[in-house]
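Asks: If you scroll down you'll find the structure; I have some questions about it.
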Amino acid sequence: MKTTDYIKDRIPAYLIFAGSIVMELAVLFAFHISVEAAVIVSVTECLALSIAETWNYLRKKNYYQKLSENLEGLDKKYLLSEMSEQPNFLEGKIFHEILCETNKSMCDEVSDQRRKNSEFREFLEAWVHEIKLPVAALELMCHNDGNTKYNGQLNRIDTYIENVLYYARSGSSEKDYIIKNVSLKQVFTECAIRHREEILERKITLETDSLDFNVMTDSKWLSYMIGQIMDNSMKYGASKIKVSAMDEQEMTVLYLRDNGIGISASNLPYIFEKSFTGENGRSGTKSTGMGLYIVKKLCDRLGHGISADSVQGEYTEIKICFGKNDFIDSVVKH
């Protein structure tokens with residue numbers, strides 16, 4: 001709180017006080033009080049006002065200054081009332097009580113929304129598990145009848161269902177992952193087998209190179225991420241997907257490169273943003289813009305880095321970086 005702001009706010013009170021001094025002097029002179037006595041009375045009253053205003057200003061300034069400092073130091077601003085002491089002046093007490101009430105109301109509302117979100121997520125997960133049963137049954141029926149022409153579409157439906165499930169869980173993935181030493185080759189092989197029907201249908205050539213590396217991650221989440229990236233490659237015209245890895249001093253890097261239609265330079269910085277479809281998503285291929293967003297969100301949760309490089313009409317390459325931990329690596333080896 002600035003001194004000038006405080007003085008400006010108190011100007012009406014000072015004008016009233018000045019008016020009362022003038023009236024007081026007029027009364028004193030009307031009763032023929034000496035000028036010296038009138039001056040002494042006026043000076044005394046002005047001095048008393050100055051002392052009172054200085055004391056009032058300093059206690060308010062200290063309170064609001066501490067309030068501002070606490071606010072700046074908090075990541076969760078709504079905890080301000082918990083970090084603030086009750087002031088010793090009436091306006092501050094009223095403000096503090098209002099702040100506590102609004103904070104309590106906000107916390108109740110947040111708790112209610114979290115409960116509703118949790119219930120909705122539980123329903124969504126239950127629905128996904130239920131809907132997977134008829135999809136699996138249809139795949140089995142097609143296999144038994146020797147009719148494979150619907151397998152590709154059923155695989156796509158299954159992929160979209162998985163997107164819903166993983167998106168619902170991605171916000172709380174810390175409760176649903178197990179970080180351990182994982183073979184990149186094994187995860188990719190399992191992922192390729194899971195997508196084999198679509199790979200064969202689209203006549204995609206898979207090429208692997210130097211995948212004999214282990215990384216610290218969750219195999220289920222990594223398999224999902226690789227599947228999403230491969231699905232994008234197939235969706236956008238790739239006839240060849242190359243998957244390779246490189247071991248560097250501080251990280252292991254997984255590369256997924258395709259020869260599809262590529263991404264324009266103007267769209268490339270935004271492909272990991274939520275619901276971003278770009279030019280490719282509007283050019284004959286329906287896209288929700290959620291696949292790479294979920295992949296980026298999962299990488300952030302797992303502590304992996306992810307980036308993309310592309311030249312439109314030539315290639316797209318997604319790079320996932322797995323950090324190393326010397327202590328964990330030594331425990332794993334022994």
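Labels used: A, B, ... for chains in the order of the structure tokens, numbers from 1 for residues in each chain, and numbers from 1 for ligands as shown.
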Do you know which residues are at most 12 Å from range 80-93 of chain A counting only C-alpha atoms, after dropping those on the same chain fewer than 2 positions away, and could you put them as an mmCIF file with C-alpha atoms, in the first residue's frame?
Replies:
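Output saved as selection-v3.cif:
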```cif
data_model
loop_
_atom_site.group_PDB
_atom_site.id
_atom_site.type_symbol
_atom_site.label_atom_id
_atom_site.label_comp_id
_atom_site.auth_asym_id
_atom_site.auth_seq_id
_atom_site.Cartn_x
_atom_site.Cartn_y
_atom_site.Cartn_z
ATOM 1 C CA TRP A 55 -0.509 4.628 13.317
ATOM 2 C CA ASN A 56 -3.549 3.609 11.248
ATOM 3 C CA TYR A 57 -1.534 3.720 8.006
ATOM 4 C CA LEU A 58 1.373 1.668 9.360
ATOM 5 C CA ARG A 59 -0.747 -1.178 10.734
ATOM 6 C CA LYS A 60 -2.760 -1.415 7.527
ATOM 7 C CA LYS A 61 0.357 -1.210 5.397
ATOM 8 C CA ASN A 62 2.029 -4.048 7.337
ATOM 9 C CA TYR A 63 -1.028 -6.267 6.978
ATOM 10 C CA TYR A 64 -1.579 -5.738 3.255
ATOM 11 C CA GLN A 65 2.139 -5.968 2.507
ATOM 12 C CA LYS A 66 2.349 -9.369 4.222
ATOM 13 C CA LEU A 67 -0.819 -10.378 2.378
ATOM 14 C CA SER A 68 0.763 -9.489 -0.983
ATOM 15 C CA GLU A 69 4.012 -11.287 -0.126
ATOM 16 C CA ASN A 70 2.097 -14.434 0.891
ATOM 17 C CA LEU A 71 0.091 -14.290 -2.331
ATOM 18 C CA GLU A 72 3.211 -14.048 -4.493
ATOM 19 C CA GLY A 73 4.854 -16.956 -2.676
ATOM 20 C CA LEU A 74 1.907 -19.325 -3.066
ATOM 21 C CA ASP A 75 1.494 -21.713 -5.978
ATOM 22 C CA LYS A 76 -2.113 -22.304 -4.968
ATOM 23 C CA LYS A 77 -3.475 -18.808 -4.499
ATOM 24 C CA TYR A 78 -6.686 -20.008 -2.901
ATOM 25 C CA PHE A 95 -12.003 -8.646 4.857
ATOM 26 C CA HIS A 96 -10.285 -11.652 6.469
ATOM 27 C CA GLU A 97 -13.612 -13.245 7.384
ATOM 28 C CA ILE A 98 -14.922 -12.725 3.843
ATOM 29 C CA LEU A 99 -11.699 -14.231 2.443
ATOM 30 C CA CYS A 100 -12.072 -17.309 4.669
ATOM 31 C CA GLU A 101 -15.725 -17.764 3.702
ATOM 32 C CA THR A 102 -15.021 -17.462 -0.035
ATOM 33 C CA ASN A 103 -12.082 -19.876 0.286
ATOM 34 C CA LYS A 104 -14.286 -22.406 2.113
ATOM 35 C CA MET A 106 -14.387 -22.518 -3.317
ATOM 36 C CA CYS A 107 -12.902 -25.610 -1.630
#
```
Asks: Within 12 Å of Tyr14 in chain A, counting only C-alpha atoms, which residues show up once you throw out same-chain ones fewer than 6 positions away? Write them as a VMD selection string, please.
Replies: chain A and resid 6 to 8 20 to 21 46 49 to 50 53
Asks: Please write the residues from the selection above to a file, keeping N, CA, C and O atoms, as a PDB file, in the first residue's frame.
Replies:
```
ATOM      1  N   TYR A   6      -2.939   5.994   0.076  1.00  0.00           N
ATOM      2  CA  TYR A   6      -3.649   6.101   1.359  1.00  0.00           C
ATOM      3  C   TYR A   6      -4.139   7.527   1.588  1.00  0.00           C
ATOM      4  O   TYR A   6      -5.275   7.747   2.011  1.00  0.00           O
ATOM      5  N   ILE A   7      -3.263   8.519   1.320  1.00  0.00           N
ATOM      6  CA  ILE A   7      -3.633   9.926   1.510  1.00  0.00           C
ATOM      7  C   ILE A   7      -4.785  10.317   0.596  1.00  0.00           C
ATOM      8  O   ILE A   7      -5.730  11.004   1.005  1.00  0.00           O
ATOM      9  N   LYS A   8      -4.717   9.878  -0.678  1.00  0.00           N
ATOM     10  CA  LYS A   8      -5.808  10.177  -1.612  1.00  0.00           C
ATOM     11  C   LYS A   8      -7.131   9.594  -1.123  1.00  0.00           C
ATOM     12  O   LYS A   8      -8.180  10.214  -1.249  1.00  0.00           O
ATOM     13  N   SER A  20     -13.999  21.359  10.214  1.00  0.00           N
ATOM     14  CA  SER A  20     -14.304  21.435  11.646  1.00  0.00           C
ATOM     15  C   SER A  20     -13.336  22.370  12.363  1.00  0.00           C
ATOM     16  O   SER A  20     -13.727  23.080  13.305  1.00  0.00           O
ATOM     17  N   ILE A  21     -12.082  22.422  11.946  1.00  0.00           N
ATOM     18  CA  ILE A  21     -11.099  23.328  12.531  1.00  0.00           C
ATOM     19  C   ILE A  21     -11.514  24.781  12.275  1.00  0.00           C
ATOM     20  O   ILE A  21     -11.448  25.644  13.170  1.00  0.00           O
ATOM     21  N   CYS A  46      -4.325  18.977  15.177  1.00  0.00           N
ATOM     22  CA  CYS A  46      -3.648  18.512  13.944  1.00  0.00           C
ATOM     23  C   CYS A  46      -2.577  17.472  14.264  1.00  0.00           C
ATOM     24  O   CYS A  46      -2.409  16.491  13.531  1.00  0.00           O
ATOM     25  N   LEU A  49      -4.274  14.235  15.060  1.00  0.00           N
ATOM     26  CA  LEU A  49      -4.727  13.599  13.820  1.00  0.00           C
ATOM     27  C   LEU A  49      -3.565  12.944  13.079  1.00  0.00           C
ATOM     28  O   LEU A  49      -3.684  11.825  12.569  1.00  0.00           O
ATOM     29  N   SER A  50      -2.420  13.631  13.023  1.00  0.00           N
ATOM     30  CA  SER A  50      -1.249  13.093  12.316  1.00  0.00           C
ATOM     31  C   SER A  50      -0.771  11.799  12.955  1.00  0.00           C
ATOM     32  O   SER A  50      -0.449  10.816  12.259  1.00  0.00           O
ATOM     33  N   GLU A  53      -3.370   9.016  12.226  1.00  0.00           N
ATOM     34  CA  GLU A  53      -3.323   8.590  10.831  1.00  0.00           C
ATOM     35  C   GLU A  53      -2.057   7.790  10.528  1.00  0.00           C
ATOM     36  O   GLU A  53      -2.105   6.810   9.783  1.00  0.00           O
TER      37      GLU A  53
END
```
Asks: List every residue of range 69-183 of chain A that DSSP, applied to the backbone of this structure, assigns to alpha helix (DSSP H), and report them as a PyMOL selection string.
Replies: chain A and resi 69-73+80-83+90-145+151-170
Asks: Just the residues within 8 Å of Ser183 in chain A, please, counting only C-alpha atoms, with nothing from its chain fewer than 6 positions along; format it as a list in words.
Replies: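 What passes the distance filter is Asp212, Phe213, Asn214 and Val215 of chain A.
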Asks: Find the nearest atom pair between each residue of range 107-192 of chain A and range 226-232 of chain A for residues within 8 Å, count only C-alpha atoms, give distances in Å to one decimal, sort rows by chain and ascending number, and present the table as a Markdown table.
Replies:
```
| residue | atom | partner | partner_atom | distance |
| --- | --- | --- | --- | --- |
| A:Phe188 | CA | A:Ile226 | CA | 7.3 |
| A:Cys191 | CA | A:Gly227 | CA | 6.2 |
| A:Ala192 | CA | A:Gly227 | CA | 7.9 |
```
Asks: Limited to all heavy atoms, could you put the picked residues into a file as a PDB file, in the first residue's frame?
Replies:
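Below you can see out_25.pdb, which holds the result:
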```pdb
ATOM      1  N   PHE A 188       7.710 -52.778 -28.760  1.00  0.00           N
ATOM      2  CA  PHE A 188       7.337 -52.493 -30.145  1.00  0.00           C
ATOM      3  C   PHE A 188       6.796 -53.745 -30.838  1.00  0.00           C
ATOM      4  O   PHE A 188       5.837 -53.664 -31.616  1.00  0.00           O
ATOM      5  CB  PHE A 188       8.532 -51.947 -30.931  1.00  0.00           C
ATOM      6  CG  PHE A 188       8.226 -51.760 -32.385  1.00  0.00           C
ATOM      7  CD1 PHE A 188       7.405 -50.724 -32.811  1.00  0.00           C
ATOM      8  CD2 PHE A 188       8.716 -52.646 -33.338  1.00  0.00           C
ATOM      9  CE1 PHE A 188       7.084 -50.562 -34.148  1.00  0.00           C
ATOM     10  CE2 PHE A 188       8.409 -52.494 -34.680  1.00  0.00           C
ATOM     11  CZ  PHE A 188       7.591 -51.441 -35.082  1.00  0.00           C
ATOM     12  N   CYS A 191       3.293 -54.249 -29.810  1.00  0.00           N
ATOM     13  CA  CYS A 191       2.460 -53.205 -30.419  1.00  0.00           C
ATOM     14  C   CYS A 191       2.194 -53.522 -31.892  1.00  0.00           C
ATOM     15  O   CYS A 191       1.075 -53.356 -32.387  1.00  0.00           O
ATOM     16  CB  CYS A 191       3.141 -51.847 -30.265  1.00  0.00           C
ATOM     17  SG  CYS A 191       2.165 -50.463 -30.852  1.00  0.00           S
ATOM     18  N   ALA A 192       3.229 -53.959 -32.602  1.00  0.00           N
ATOM     19  CA  ALA A 192       3.073 -54.294 -34.019  1.00  0.00           C
ATOM     20  C   ALA A 192       2.124 -55.476 -34.205  1.00  0.00           C
ATOM     21  O   ALA A 192       1.306 -55.490 -35.140  1.00  0.00           O
ATOM     22  CB  ALA A 192       4.440 -54.607 -34.635  1.00  0.00           C
TER      23      ALA A 192
END
```
Asks: Restricting the calculation to only C-alpha atoms: of A:Lys319, A:Gly289, A:Tyr167, A:Glu197, which residue gets closest to Val253 in chain A?
Replies: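 Checking each of A:Lys319, A:Gly289, A:Tyr167, A:Glu197 against Val253 in chain A, counting only C-alpha atoms, the winner is A:Lys319.
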Asks: Could you pull out the strand (DSSP E or B) residues of range 49-288 of chain A from DSSP and send them as an MDAnalysis selection string?
Replies: chainID A and resid 180:183 205:209 214:217 240:247 251:258
Asks: Save the residues we just selected, C-alpha atoms, as a compact mmCIF listing (two decimals), in the first residue's frame?
Replies:
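Result went into part-v7.txt, see below:
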```txt
# COMPACT_ATOMS: atom_id res chain seq x y z
CA LYS A 180 10.54 -50.62 -14.45
CA ASN A 181 13.24 -51.73 -16.85
CA VAL A 182 11.48 -52.27 -20.19
CA SER A 183 12.78 -53.65 -23.49
CA THR A 205 6.37 -51.86 -44.46
CA LEU A 206 7.84 -51.96 -40.94
CA GLU A 207 11.56 -51.50 -40.50
CA THR A 208 13.37 -51.70 -37.17
CA ASP A 209 16.94 -50.87 -36.25
CA ASN A 214 16.13 -51.11 -22.09
CA VAL A 215 14.54 -47.96 -20.69
CA MET A 216 12.86 -47.03 -17.43
CA THR A 217 9.16 -46.56 -18.19
CA LYS A 240 6.79 -47.32 -44.58
CA ILE A 241 7.43 -46.87 -40.87
CA LYS A 242 10.94 -47.08 -39.48
CA VAL A 243 11.49 -47.51 -35.75
CA SER A 244 14.97 -47.15 -34.32
CA ALA A 245 16.72 -46.22 -31.10
CA MET A 246 19.97 -44.56 -30.10
CA ASP A 247 21.76 -44.71 -26.76
CA MET A 251 19.25 -40.56 -22.44
CA THR A 252 17.98 -43.25 -24.75
CA VAL A 253 16.09 -41.91 -27.77
CA LEU A 254 13.36 -43.76 -29.67
CA TYR A 255 12.68 -42.59 -33.25
CA LEU A 256 9.49 -43.34 -35.20
CA ARG A 257 9.79 -42.12 -38.79
CA ASP A 258 7.32 -42.50 -41.66
```
